$ cat upload-v1.csv   # CSV, C-alpha atoms
chain,number,residue,atom,x,y,z
E,964,MET,CA,98.5,108.1,90.9
E,965,GLY,CA,100.7,110.0,88.5
E,966,PHE,CA,103.0,112.8,89.2
E,967,ALA,CA,102.3,115.8,87.0
E,968,GLU,CA,101.8,119.1,88.8
E,969,GLY,CA,103.4,120.8,91.8
E,970,PHE,CA,102.0,123.2,94.4
E,971,ARG,CA,99.5,125.9,93.6
E,972,GLY,CA,99.4,128.9,95.8
E,973,GLU,CA,102.0,131.2,97.4
E,974,ALA,CA,101.5,129.9,101.0
E,975,LEU,CA,102.4,126.3,100.1
E,976,SER,CA,105.3,127.3,97.8
E,977,ALA,CA,106.7,129.7,100.4
E,978,GLY,CA,106.3,127.1,103.1
E,979,PHE,CA,108.1,124.5,101.0
E,980,LYS,CA,111.1,126.8,100.5
E,981,ASP,CA,111.3,127.4,104.2
E,982,ALA,CA,111.0,123.6,104.9
E,983,VAL,CA,113.9,122.8,102.6
E,984,ALA,CA,115.9,125.4,104.4
E,985,GLY,CA,115.2,123.7,107.7
E,986,ARG,CA,112.1,125.5,108.9
E,987,PRO,CA,109.3,123.1,108.1
E,988,GLU,CA,106.5,124.2,110.5
E,989,ARG,CA,104.9,126.7,108.1
E,990,LEU,CA,104.7,124.0,105.4
E,991,TYR,CA,103.3,121.5,107.9
E,992,VAL,CA,100.5,123.9,108.9
E,993,GLN,CA,99.6,124.5,105.3
E,994,LEU,CA,99.6,120.8,104.4
E,995,GLY,CA,97.5,120.0,107.5
E,996,ILE,CA,94.9,122.7,106.7
E,997,GLN,CA,94.5,121.4,103.1
E,998,SER,CA,94.9,117.7,103.9
E,999,GLY,CA,91.2,117.0,104.2
E,1000,LEU,CA,92.0,115.3,107.5
E,1001,PRO,CA,90.5,114.3,109.8
E,1002,GLY,CA,87.8,113.3,107.4
E,1003,THR,CA,86.8,110.6,105.0
E,1004,ARG,CA,88.6,111.9,101.9
E,1005,MET,CA,92.3,112.7,102.1
E,1006,ASN,CA,93.7,115.2,99.6
E,1007,GLU,CA,95.8,112.8,97.5
E,1008,GLN,CA,96.4,115.5,94.8
E,1009,LEU,CA,98.1,117.6,97.4
E,1010,ALA,CA,100.3,114.7,98.4
E,1011,GLN,CA,101.1,114.2,94.8
E,1012,ALA,CA,102.0,117.9,94.4
E,1013,PHE,CA,104.4,117.7,97.3
E,1014,ALA,CA,106.2,114.7,95.7
E,1015,VAL,CA,106.5,116.7,92.4
E,1016,GLU,CA,108.1,119.6,94.2
E,1017,CYS,CA,110.6,117.2,95.9
E,1018,VAL,CA,111.5,115.5,92.6
E,1019,ALA,CA,112.0,119.0,91.0
E,1020,ILE,CA,114.7,120.0,93.4
E,1021,GLY,CA,116.2,116.6,93.8
E,1022,LYS,CA,118.6,115.8,96.6
E,1023,ALA,CA,118.0,119.2,98.3
E,1024,SER,CA,114.6,117.8,99.4
E,1025,ASP,CA,115.8,114.5,100.8
E,1026,LYS,CA,116.4,115.7,104.4
E,1027,LEU,CA,112.8,117.0,104.5
E,1028,VAL,CA,111.4,113.9,102.8
E,1029,PHE,CA,113.1,111.5,105.2
E,1030,GLU,CA,112.0,113.5,108.2
E,1031,MET,CA,108.4,113.5,107.1
E,1032,ALA,CA,108.4,109.8,106.0
E,1033,LEU,CA,109.8,108.8,109.4
E,1034,MET,CA,107.4,110.8,111.6
E,1035,THR,CA,106.0,108.7,114.4
E,1036,THR,CA,102.5,108.5,115.8
E,1037,VAL,CA,103.7,110.9,118.6
E,1038,SER,CA,104.5,113.8,116.2
E,1039,ALA,CA,101.9,112.8,113.5
E,1040,PRO,CA,99.0,110.9,115.2
E,1041,GLY,CA,96.6,108.9,113.1
E,1042,ALA,CA,93.1,110.3,112.5
E,1043,SER,CA,94.5,113.9,112.6
E,1044,SER,CA,95.6,116.4,110.0
E,1045,ARG,CA,99.2,115.6,111.0
E,1046,GLU,CA,98.9,112.1,109.6
E,1047,PHE,CA,99.0,113.7,106.2
E,1048,LEU,CA,102.7,114.6,106.8
E,1049,PRO,CA,104.1,111.1,106.8
E,1050,VAL,CA,101.8,110.2,103.9
E,1051,CYS,CA,103.4,113.0,101.9
E,1052,GLY,CA,106.8,112.0,103.0
E,1053,THR,CA,106.2,108.3,102.0
E,1054,LEU,CA,104.9,109.2,98.6
E,1055,ALA,CA,107.7,111.7,98.0
E,1056,LEU,CA,110.3,109.1,99.0
E,1057,GLY,CA,109.0,106.7,96.4
E,1058,ALA,CA,109.0,109.4,93.8
E,1059,ARG,CA,112.6,110.5,94.6
E,1060,ALA,CA,113.9,106.9,94.5
E,1061,ALA,CA,112.1,106.4,91.2
E,1062,HIS,CA,113.5,109.6,89.7
E,1063,ASP,CA,117.1,109.2,90.9
E,1064,LYS,CA,117.6,105.5,90.0
E,1065,GLN,CA,121.4,105.8,89.9
E,1066,ASP,CA,121.5,106.6,93.7
E,1067,ALA,CA,121.6,103.0,95.0
E,1068,LYS,CA,121.9,104.2,98.6
E,1069,LEU,CA,118.7,106.3,98.3
E,1070,GLY,CA,116.9,103.4,96.7
E,1071,LYS,CA,118.0,100.9,99.4
E,1072,ARG,CA,117.0,103.2,102.2
E,1073,ALA,CA,113.7,104.1,100.5
E,1074,LEU,CA,112.7,100.4,100.3
E,1075,GLU,CA,113.7,99.8,104.0
E,1076,ILE,CA,111.5,102.7,105.1
E,1077,LEU,CA,108.6,101.6,102.8
E,1078,HIS,CA,108.9,98.1,104.2
E,1079,GLU,CA,108.5,99.4,107.7
E,1080,ALA,CA,105.7,101.8,106.6
E,1081,SER,CA,103.7,99.0,105.1
E,1082,GLU,CA,102.7,97.9,108.6
E,1083,ASP,CA,102.3,101.3,110.1
E,1084,MET,CA,99.5,101.7,112.6
E,1085,ARG,CA,98.1,104.6,110.6
E,1086,PHE,CA,96.1,103.1,107.7
E,1087,ARG,CA,96.6,106.1,105.4
E,1088,VAL,CA,100.3,105.7,105.7
E,1089,ARG,CA,100.0,102.0,104.9
E,1090,GLU,CA,97.7,102.6,101.9
E,1091,ILE,CA,100.2,105.0,100.2
E,1092,VAL,CA,103.0,102.5,100.4
E,1093,PRO,CA,102.0,100.5,97.3
E,1094,VAL,CA,101.7,103.8,95.3
E,1095,ALA,CA,105.2,104.7,96.3
E,1096,LEU,CA,106.5,101.2,95.5
E,1097,ALA,CA,104.8,101.2,92.1
E,1098,LYS,CA,106.8,104.4,91.2
E,1099,ILE,CA,110.0,102.6,92.1
E,1100,GLY,CA,108.9,99.4,90.4
E,1101,ALA,CA,108.2,101.2,87.1
E,1102,GLY,CA,111.9,101.9,86.9
E,1103,MET,CA,113.3,98.7,88.6
E,1104,GLY,CA,110.9,96.3,87.0
E,1105,ASP,CA,111.9,92.7,87.6
E,1106,ALA,CA,114.6,93.6,90.1
E,1107,LEU,CA,112.0,94.9,92.5
E,1108,VAL,CA,109.9,91.8,91.9
E,1109,HIS,CA,112.8,89.7,93.1
E,1110,GLU,CA,113.4,92.0,96.0
E,1111,PHE,CA,109.8,91.4,97.1
E,1112,ALA,CA,110.8,87.8,98.0
E,1113,TRP,CA,111.6,89.0,101.4
E,1114,TRP,CA,108.3,91.0,101.7
E,1115,THR,CA,106.1,87.9,101.3
E,1116,ASN,CA,106.8,86.6,104.8
E,1117,GLY,CA,104.5,89.2,106.6
E,1118,PHE,CA,100.8,90.0,106.0
E,1119,PHE,CA,101.0,93.8,105.6
E,1120,HIS,CA,104.4,93.6,103.7
E,1121,ALA,CA,103.0,91.0,101.3
E,1122,SER,CA,99.8,93.0,100.8
E,1123,ALA,CA,101.8,96.1,99.9
E,1124,ALA,CA,104.0,94.2,97.4
E,1125,LEU,CA,101.0,92.6,95.7
E,1126,LEU,CA,99.1,95.9,95.4
E,1127,ALA,CA,102.2,97.6,94.0
E,1128,MET,CA,102.8,94.9,91.3
E,1129,GLY,CA,99.2,95.3,90.3
E,1130,GLN,CA,99.5,98.9,89.4
E,1131,LEU,CA,99.8,99.5,85.7
E,1132,GLU,CA,103.0,101.5,85.6
E,1133,PHE,CA,104.8,98.7,87.6
E,1134,LEU,CA,103.0,95.8,85.9
E,1135,ALA,CA,104.0,97.0,82.5
E,1136,ALA,CA,107.6,96.8,83.6
E,1137,ILE,CA,107.5,93.2,84.8
E,1138,ASN,CA,108.8,90.7,82.3
E,1139,ASP,CA,109.9,87.9,84.6
E,1140,GLU,CA,106.6,86.0,84.7
E,1141,GLU,CA,108.1,83.2,86.9
E,1142,ALA,CA,109.2,85.6,89.6
E,1143,ALA,CA,105.9,87.5,89.6
E,1144,LEU,CA,103.9,84.3,90.0
E,1145,ALA,CA,106.3,83.1,92.7
E,1146,ARG,CA,105.5,86.2,94.7
E,1147,LEU,CA,101.8,85.5,94.3
E,1148,ASN,CA,102.2,81.9,95.2
E,1149,GLU,CA,104.1,82.9,98.3
E,1150,ALA,CA,101.3,85.2,99.3
E,1151,TYR,CA,98.7,82.4,99.0
E,1152,ALA,CA,100.9,80.1,101.1
E,1153,LEU,CA,101.2,82.8,103.7
E,1154,ALA,CA,97.4,83.3,103.8
E,1155,LYS,CA,96.6,79.6,103.9
E,1156,ASN,CA,99.2,78.5,106.4
E,1157,ALA,CA,98.5,81.3,108.9
E,1158,ALA,CA,97.7,80.3,112.4
E,1159,ARG,CA,94.0,80.4,113.4
E,1160,SER,CA,94.8,83.1,115.9
E,1161,THR,CA,95.5,85.5,113.0
E,1162,ALA,CA,92.1,85.0,111.4
E,1163,ARG,CA,90.8,88.4,112.7
E,1164,TYR,CA,94.2,90.1,112.4
E,1165,PRO,CA,94.0,93.2,110.2
E,1166,GLY,CA,97.2,92.2,108.4
E,1167,ARG,CA,95.7,88.9,107.2
E,1168,LYS,CA,92.6,90.7,106.1
E,1169,ALA,CA,94.7,93.2,104.1
E,1170,LEU,CA,96.5,90.3,102.5
E,1171,LEU,CA,93.2,88.6,101.5
E,1172,ASP,CA,92.0,91.9,100.1
E,1173,ALA,CA,95.1,92.1,98.0
E,1174,LEU,CA,94.6,88.5,96.8
E,1175,SER,CA,91.1,89.5,95.7
E,1176,THR,CA,92.5,92.1,93.3
E,1177,LEU,CA,96.0,91.3,92.1
E,1178,PRO,CA,95.2,88.0,90.2
E,1179,GLU,CA,92.9,89.8,87.9
E,1180,ALA,CA,95.7,92.2,86.9
E,1181,PHE,CA,98.2,89.4,86.6
E,1182,ALA,CA,95.8,87.3,84.5
E,1183,ALA,CA,95.5,90.2,82.1
E,1184,ARG,CA,99.3,90.4,81.9
E,1185,PHE,CA,100.4,86.7,82.0
E,1186,GLY,CA,97.3,84.7,81.0
E,1187,VAL,CA,96.7,81.0,81.7
E,1188,PRO,CA,99.6,80.4,84.2
E,1189,VAL,CA,97.7,82.6,86.7
E,1190,PHE,CA,94.7,80.4,86.4
E,1191,ASP,CA,96.9,77.4,87.0
E,1192,LEU,CA,97.9,79.0,90.3
E,1193,LEU,CA,94.3,79.8,91.2
E,1194,VAL,CA,93.4,76.1,90.6
E,1195,ARG,CA,96.2,75.0,92.8
E,1196,TRP,CA,95.1,77.2,95.7
E,1197,SER,CA,91.4,76.4,95.2
E,1198,ASN,CA,91.9,73.2,97.2
E,1199,SER,CA,91.6,75.1,100.4
E,1200,GLU,CA,88.5,74.8,102.6
E,1201,ASP,CA,89.3,78.2,104.3
E,1202,PRO,CA,86.2,80.2,103.5
E,1203,GLU,CA,88.1,83.6,103.4
E,1204,LEU,CA,90.8,82.3,101.1
E,1205,ARG,CA,88.2,80.7,98.8
E,1206,GLY,CA,86.2,84.0,98.9
E,1207,SER,CA,89.2,85.9,97.7
E,1208,ILE,CA,89.5,83.6,94.7
E,1209,GLN,CA,85.8,83.8,94.0
E,1210,THR,CA,86.0,87.6,94.0
E,1211,VAL,CA,88.6,87.3,91.2
E,1212,LEU,CA,86.4,85.1,89.2
E,1213,ARG,CA,83.6,87.6,89.3
E,1214,SER,CA,85.6,89.9,87.0
E,1215,GLN,CA,83.6,90.5,83.8
E,1216,LYS,CA,86.9,91.1,81.9
E,1217,LEU,CA,88.3,87.7,82.9
E,1218,GLY,CA,84.9,86.1,82.2
E,1219,THR,CA,84.9,87.5,78.7
E,1220,ARG,CA,88.5,86.9,77.9
E,1221,TYR,CA,89.1,83.6,79.7
E,1222,PRO,CA,85.7,81.9,80.1
E,1223,THR,CA,87.1,78.4,80.0
E,1224,GLU,CA,89.8,79.2,82.6
E,1225,VAL,CA,87.3,80.8,84.9
E,1226,LYS,CA,85.1,77.7,84.7
E,1227,ARG,CA,88.1,75.5,85.5
E,1228,VAL,CA,88.8,77.4,88.7
E,1229,HIS,CA,85.1,77.3,89.7
E,1230,ALA,CA,85.3,73.5,89.2
E,1231,ALA,CA,88.4,73.3,91.4
E,1232,LEU,CA,86.7,75.3,94.1
E,1233,ALA,CA,83.6,73.0,94.0
E,1234,ALA,CA,85.7,69.8,94.1
E,1235,ALA,CA,87.6,71.0,97.2
E,1236,LEU,CA,84.5,71.0,99.3
E,1237,PRO,CA,83.3,67.8,101.1
E,1238,PRO,CA,80.0,66.5,99.7
E,1239,PRO,CA,76.9,67.8,101.4
E,1240,ARG,CA,75.4,65.5,104.0
E,1241,ASP,CA,72.7,63.3,102.8
E,1242,PRO,CA,69.7,63.8,105.1
E,1243,THR,CA,68.3,60.4,104.1
E,1244,LEU,CA,71.2,58.7,105.9
E,1245,ALA,CA,70.3,60.2,109.3
E,1246,VAL,CA,69.7,57.5,111.9
E,1247,LYS,CA,66.3,57.7,113.5
E,1248,GLY,CA,66.5,58.9,117.1
E,1249,MET,CA,70.1,60.3,116.8
E,1250,ARG,CA,69.2,63.7,118.2
E,1251,GLY,CA,67.7,62.1,121.3
E,1252,ARG,CA,70.6,59.8,122.1
E,1253,GLY,CA,71.9,62.0,124.9
E,1254,LYS,CA,68.6,61.9,126.8
E,1255,LYS,CA,68.0,59.4,129.5
E,1256,LYS,CA,64.7,57.5,130.0
E,1257,GLY,CA,62.5,59.1,132.5
E,1258,ASN,CA,64.0,62.6,132.0
E,1259,HIS,CA,60.9,64.0,130.4
E,1260,ALA,CA,59.7,67.4,131.5
E,1261,ARG,CA,57.0,67.3,134.1
$ encode --input "upload-v1.csv" --output "structure tokens"
Amino acid sequence: MGFAEGFRGEALSAGFKDAVAGRPERLYVQLGIQSGLPGTRMNEQLAQAFAVECVAIGKASDKLVFEMALMTTVSAPGASSREFLPVCGTLALGARAAHDKQDAKLGKRALEILHEASEDMRFRVREIVPVALAKIGAGMGDALVHEFAWWTNGFFHASAALLAMGQLEFLAAINDEEAALARLNEAYALAKNAARSTARYPGRKALLDALSTLPEAFAARFGVPVFDLLVRWSNSEDPELRGSIQTVLRSQKLGTRYPTEVKRVHAALAAALPPPRDPTLAVKGMRGRGKKKGNHAR
């Protein structure tokens, strides 16, 4: 999601000016009306426009941005038009930190808030975090990849970090291949070593979904070393983790560009499974060994 154009319409522009002056409710009402929520399609272009307006006036918008990004489920419940407000705040926070790279305090606070927002109960807030992180990563590059080392110890956090690194504007700024692959390796370890009790946990599912997409982007950027990593993690018998790797291998782009490497990972996946049971080795009468003589139905 790029940032190119601000608000259209007098009501939004006037509401934004009021909000920056400390009277945000008019803006909140207008954003809610045009948010597309509750509904299946959120108005991402409007969230983008809000971020553009905040970047345009710089620090003058920061109080409003922080207030919106930090809205709780009490003031901005999920599945309501008010959920759009923290979405806008979160996206604008990333845009502001990306634009004002010299403000270390702003950047640090933005990453702290985004880290927390990556496991927000409201899924639309969670889903905008990688977009905000990618904006910051486009400027920070490898420094943010190193920063993500402390994100890969939690399911939602790791998912946000992976999805951010996979976005083109951030991916193009990553030059430290070793650090990037270390983050991917840590994410695989997190998914594989998770307790069984987390199998149905939404956070683990989010991580597995991210592991189904990022390796393709990384392979396009870093090549064969990514497939080496996939081979290493193909020794798992976990069907969900294996499924995430198989999803990566279904990419037509990778199949065309790296056919030998794709076959190598497929072979590693196949080798990790125990051989199928040979039905000819079944011992006659095994299924009835639990029955006692004379216990026939009458």
$ residues_around --input "upload-v1.csv" --residues "Leu1009 in chain E" --least-positions-apart "3" --cutoff "10 Å" --atoms "all atoms listed in the file" --output "JSON, numbers by chain"
{"E": [968, 969, 970, 971, 994, 997, 998, 999, 1005, 1006, 1012, 1013, 1014, 1015, 1047, 1051]}
$ atom_distance --input "upload-v1.csv" --atom1 "CA of Met1084 in chain E" --atom2 "CA of Gly1166 in chain E"
10.6 Å
$ closest_residue --input "upload-v1.csv" --among "E:Leu1144, E:Leu1171, E:Leu1096, E:Leu1232" --to "Val1189 in chain E" --atoms "only C-alpha atoms"
E:Leu1144
$ closest_residue --input "upload-v1.csv" --among "E:Ala1019, E:Leu990, E:Val1094, E:Met1103" --to "Leu1131 in chain E" --atoms "all atoms listed in the file"
E:Val1094
$ closest_atom_pairs --input "upload-v1.csv" --of "range 1076-1153 of chain E" --to "range 1194-1199 of chain E" --cutoff "9 Å" --atoms "all atoms listed in the file" --output "Markdown table"
| residue | atom | partner | partner_atom | distance |
| --- | --- | --- | --- | --- |
| E:Asn1148 | CA | E:Trp1196 | CA | 8.5 |
| E:Tyr1151 | CA | E:Trp1196 | CA | 7.1 |
| E:Ala1152 | CA | E:Trp1196 | CA | 8.4 |
$ residues_around --input "upload-v1.csv" --residues "Ser1038 in chain E" --least-positions-apart "5" --cutoff "10 Å" --atoms "all atoms listed in the file" --output "PyMOL selection string"
chain E and resi 1031+1033+1045-1046+1048-1049
$ residues_around --input "upload-v1.csv" --residues "Glu973 in chain E" --least-positions-apart "4" --cutoff "12 Å" --atoms "all atoms listed in the file" --output "PyMOL selection string"
chain E and resi 969+977-980+989-990+993
$ residues_around --input "upload-v1.csv" --residues "Gln1209 in chain E" --least-positions-apart "3" --cutoff "9 Å" --atoms "only C-alpha atoms" --output "PDB file with C-alpha atoms, in the coordinates of the input"
ATOM      1  CA  SER E1175      91.100  89.500  95.700  1.00  0.00           C
ATOM      2  CA  LEU E1204      90.800  82.300 101.100  1.00  0.00           C
ATOM      3  CA  ARG E1205      88.200  80.700  98.800  1.00  0.00           C
ATOM      4  CA  GLY E1206      86.200  84.000  98.900  1.00  0.00           C
ATOM      5  CA  LEU E1212      86.400  85.100  89.200  1.00  0.00           C
ATOM      6  CA  ARG E1213      83.600  87.600  89.300  1.00  0.00           C
ATOM      7  CA  VAL E1228      88.800  77.400  88.700  1.00  0.00           C
ATOM      8  CA  HIS E1229      85.100  77.300  89.700  1.00  0.00           C
ATOM      9  CA  LEU E1232      86.700  75.300  94.100  1.00  0.00           C
TER      10      LEU E1232
END
$ residues_near_point --input "upload-v1.csv" --point "(100.1, 93.9, 102.3)" --cutoff "6 Å" --atoms "all atoms listed in the file" --output "compact mmCIF listing (two decimals) with C-alpha atoms, in the coordinates of the input"
# COMPACT_ATOMS: atom_id res chain seq x y z
CA PHE E 1118 100.80 90.00 106.00
CA PHE E 1119 101.00 93.80 105.60
CA HIS E 1120 104.40 93.60 103.70
CA ALA E 1121 103.00 91.00 101.30
CA SER E 1122 99.80 93.00 100.80
CA ALA E 1123 101.80 96.10 99.90
CA ALA E 1169 94.70 93.20 104.10
CA LEU E 1170 96.50 90.30 102.50
$ closest_residue --input "upload-v1.csv" --among "E:Ala1180, E:Pro1237, E:Ala1127, E:Asp1201" --to "Lys1216 in chain E" --atoms "all atoms listed in the file"
E:Ala1180
$ closest_residue --input "upload-v1.csv" --among "E:Leu1174, E:Ala1032, E:Ala1145, E:Ala1158" --to "Trp1113 in chain E" --atoms "all atoms listed in the file"
E:Ala1145
$ build_atoms --input "upload-v1.csv" --residues "range 1215-1244 of chain E" --atoms "N, CA and C atoms" --output "short mmCIF file (atom, residue, chain, number, x, y, z; two decimals), in the coordinates of the input"
data_model
loop_
_atom_site.label_atom_id
_atom_site.label_comp_id
_atom_site.auth_asym_id
_atom_site.auth_seq_id
_atom_site.Cartn_x
_atom_site.Cartn_y
_atom_site.Cartn_z
N GLN E 1215 84.24 90.65 85.13
CA GLN E 1215 83.60 90.50 83.80
C GLN E 1215 84.69 90.43 82.72
N LYS E 1216 85.78 91.16 82.92
CA LYS E 1216 86.90 91.10 81.90
C LYS E 1216 87.44 89.74 81.78
N LEU E 1217 87.71 89.08 82.94
CA LEU E 1217 88.30 87.70 82.90
C LEU E 1217 87.24 86.76 82.32
N GLY E 1218 85.97 86.95 82.70
CA GLY E 1218 84.90 86.10 82.20
C GLY E 1218 84.79 86.11 80.70
N THR E 1219 84.99 87.31 80.14
CA THR E 1219 84.90 87.50 78.70
C THR E 1219 86.12 86.97 77.96
N ARG E 1220 87.27 87.24 78.54
CA ARG E 1220 88.50 86.90 77.90
C ARG E 1220 88.95 85.45 78.10
N TYR E 1221 88.67 84.94 79.32
CA TYR E 1221 89.10 83.60 79.70
C TYR E 1221 87.95 82.76 80.24
N PRO E 1222 86.86 82.59 79.52
CA PRO E 1222 85.70 81.90 80.10
C PRO E 1222 86.02 80.44 80.48
N THR E 1223 86.81 79.75 79.67
CA THR E 1223 87.10 78.40 80.00
C THR E 1223 87.99 78.26 81.25
N GLU E 1224 88.92 79.19 81.41
CA GLU E 1224 89.80 79.20 82.60
C GLU E 1224 89.02 79.50 83.85
N VAL E 1225 88.09 80.44 83.74
CA VAL E 1225 87.30 80.80 84.90
C VAL E 1225 86.44 79.60 85.33
N LYS E 1226 85.85 78.87 84.38
CA LYS E 1226 85.10 77.70 84.70
C LYS E 1226 85.96 76.61 85.35
N ARG E 1227 87.20 76.52 84.89
CA ARG E 1227 88.10 75.50 85.50
C ARG E 1227 88.41 75.82 86.92
N VAL E 1228 88.57 77.08 87.27
CA VAL E 1228 88.80 77.40 88.70
C VAL E 1228 87.57 77.20 89.51
N HIS E 1229 86.40 77.55 88.96
CA HIS E 1229 85.10 77.30 89.70
C HIS E 1229 85.01 75.80 89.98
N ALA E 1230 85.36 74.96 89.01
CA ALA E 1230 85.30 73.50 89.20
C ALA E 1230 86.23 73.05 90.29
N ALA E 1231 87.42 73.64 90.32
CA ALA E 1231 88.40 73.30 91.40
C ALA E 1231 87.90 73.68 92.74
N LEU E 1232 87.27 74.84 92.83
CA LEU E 1232 86.70 75.30 94.10
C LEU E 1232 85.61 74.33 94.58
N ALA E 1233 84.75 73.93 93.65
CA ALA E 1233 83.60 73.00 94.00
C ALA E 1233 84.17 71.66 94.43
N ALA E 1234 85.20 71.18 93.76
CA ALA E 1234 85.70 69.80 94.10
C ALA E 1234 86.42 69.79 95.41
N ALA E 1235 86.85 70.94 95.91
CA ALA E 1235 87.60 71.00 97.20
C ALA E 1235 86.69 70.83 98.39
N LEU E 1236 85.40 71.08 98.22
CA LEU E 1236 84.50 71.00 99.30
C LEU E 1236 84.00 69.60 99.57
N PRO E 1237 83.82 69.19 100.82
CA PRO E 1237 83.30 67.80 101.10
C PRO E 1237 81.84 67.76 100.57
N PRO E 1238 81.39 66.58 100.15
CA PRO E 1238 80.00 66.50 99.70
C PRO E 1238 79.01 66.81 100.73
N PRO E 1239 77.89 67.40 100.36
CA PRO E 1239 76.90 67.80 101.40
C PRO E 1239 76.34 66.50 102.04
N ARG E 1240 75.97 66.66 103.28
CA ARG E 1240 75.40 65.50 104.00
C ARG E 1240 74.08 65.12 103.47
N ASP E 1241 73.91 63.81 103.32
CA ASP E 1241 72.70 63.30 102.80
C ASP E 1241 71.67 63.10 103.94
N PRO E 1242 70.61 63.90 103.98
CA PRO E 1242 69.70 63.80 105.10
C PRO E 1242 68.97 62.46 105.20
N THR E 1243 68.95 61.70 104.09
CA THR E 1243 68.30 60.40 104.10
C THR E 1243 69.07 59.37 104.89
N LEU E 1244 70.34 59.70 105.16
CA LEU E 1244 71.20 58.70 105.90
C LEU E 1244 71.14 58.97 107.39
#
